Amino acid sequence: MAARILAEHFTAKWGKPVVVENMLGAGGNIAADHVAKSAPDGATLLMAGNAAIVINPSLYAKLPYDPARDLVPVAQVTIAPNLLVVNKEVPAASVQELVDLARRNPGTLTFASAGVGTSTHLAGELFQTMAGIKIQHVPYRDSAALLSDLTAGRITMFFGSIASVLPQIRDGGLRALAITSLRRSPAVPDLSTLDELGFRGFDATAWFGLMAPAGTPASVIAMLHDEAQKAVSAPAARAKFAALGMEAVTRTPDEFAAEIRVETPRWAELIRRVGIAPIQ
């Protein structure tokens, strides 16, 4: 969706079609590798998620590309925080009550994720590490099955995207306890961050940004950044992002690169600490 918002703007600006090609698989690695090996002329770009750039280098035994060497940041365009939600029958109305429940029942509470290495998975691992509790990870491939098990009470909790869980929260099937970003979200302004609730520095926010093959001329990067910034700053684009539970951002290439440098070792340390086996 983020790529399509940019593509619409680019197409109108340049007067020729900009095609969005979905390359699924390996947590974004297939798409990232394709762009990394493309000509550095600005014609082939990557809408990168943080998984392929800052998480997968530590999660996979070997990558066919090096994010730091083979790709260059153009513009970070949107962030997507997750919400910590529990089934309505879970006897916990706050994060502290949930932590207390987990301590009384070590290893029996469960948290779902959209797969190993996703922000929904690592948010849960970070939570149990910082809280000093033990909860069981249950990865899913199908979001419908995940939400079905969660609302039915077969899963205790989930760190899900705002767009995926907000309908169930409004219907009363799920209870939201906190948000995983450092700042509150305009979509749920009354919901506290985990940082505010005592988990200092807790940040498990998915982001998406435009990247280009290494070697792309600086003038092309500057032009692409300028147009990407115009695209996400438009009121219509911001409304589309908000409807998806996302927040538009306009970070420069240098700011984007700095965030990547900070996040990469942070996730590497968490993956090492909790002992997630490398994906072969």
# chains A, B, ... in the order shown; residues from 1 in each chain; ligands from 1
>>> residues_around(residues="region 44-57 of chain A", least_positions_apart="2", cutoff="8 Å", atoms="only C-alpha atoms", output="JSON, numbers by chain")
{"A": [2, 3, 27, 28, 29, 31, 32, 35, 38, 39, 40, 41, 42, 59, 60, 61, 62, 63, 66, 67, 117, 118, 119, 206, 207, 208, 209, 210, 211, 212, 213, 260, 263, 264, 267, 268]}
>>> atom_distance(atom1="CA of Ala248 (chain A)", atom2="CA of Ile79 (chain A)")
6.6 Å
>>> closest_residue(among="A:Val116, A:Val74, A:Leu122, A:Ala36", to="Gln229 (chain A)", atoms="only C-alpha atoms")
A:Val74
>>> closest_residue(among="A:Pro64, A:Gly275, A:Gly15, A:Gly124", to="Asp33 (chain A)", atoms="only C-alpha atoms")
A:Pro64
>>> atom_distance(atom1="CA of Arg69 (chain A)", atom2="CA of Thr252 (chain A)")
18.6 Å
>>> residues_around(residues="region 106-110 of chain A", least_positions_apart="5", cutoff="6 Å", atoms="only C-alpha atoms", output="list in words")
Lys134, Ile135, Gln136, His137, Ile155 and Thr156 of chain A
>>> write_last_selection(atoms="C-alpha atoms", output="short mmCIF file (atom, residue, chain, number, x, y, z; two decimals), in the first residue's frame")
data_model
loop_
_atom_site.label_atom_id
_atom_site.label_comp_id
_atom_site.auth_asym_id
_atom_site.auth_seq_id
_atom_site.Cartn_x
_atom_site.Cartn_y
_atom_site.Cartn_z
CA LYS A 134 8.18 -16.63 30.13
CA ILE A 135 5.45 -16.81 27.47
CA GLN A 136 5.18 -19.24 24.58
CA HIS A 137 5.52 -18.04 20.99
CA ILE A 155 -4.09 -17.59 22.23
CA THR A 156 -3.49 -15.19 25.13
#
>>> select_by_dssp(residues="region 134-201 of chain A", states="helix (DSSP H, G or I)", output="list in words")
Ser143, Ala144, Ala145, Leu146, Leu147, Ser148, Asp149, Leu150, Thr151, Ala152, Ile162, Ala163, Ser164, Val165, Leu166, Pro167, Gln168, Ile169, Arg170 and Asp171 of chain A
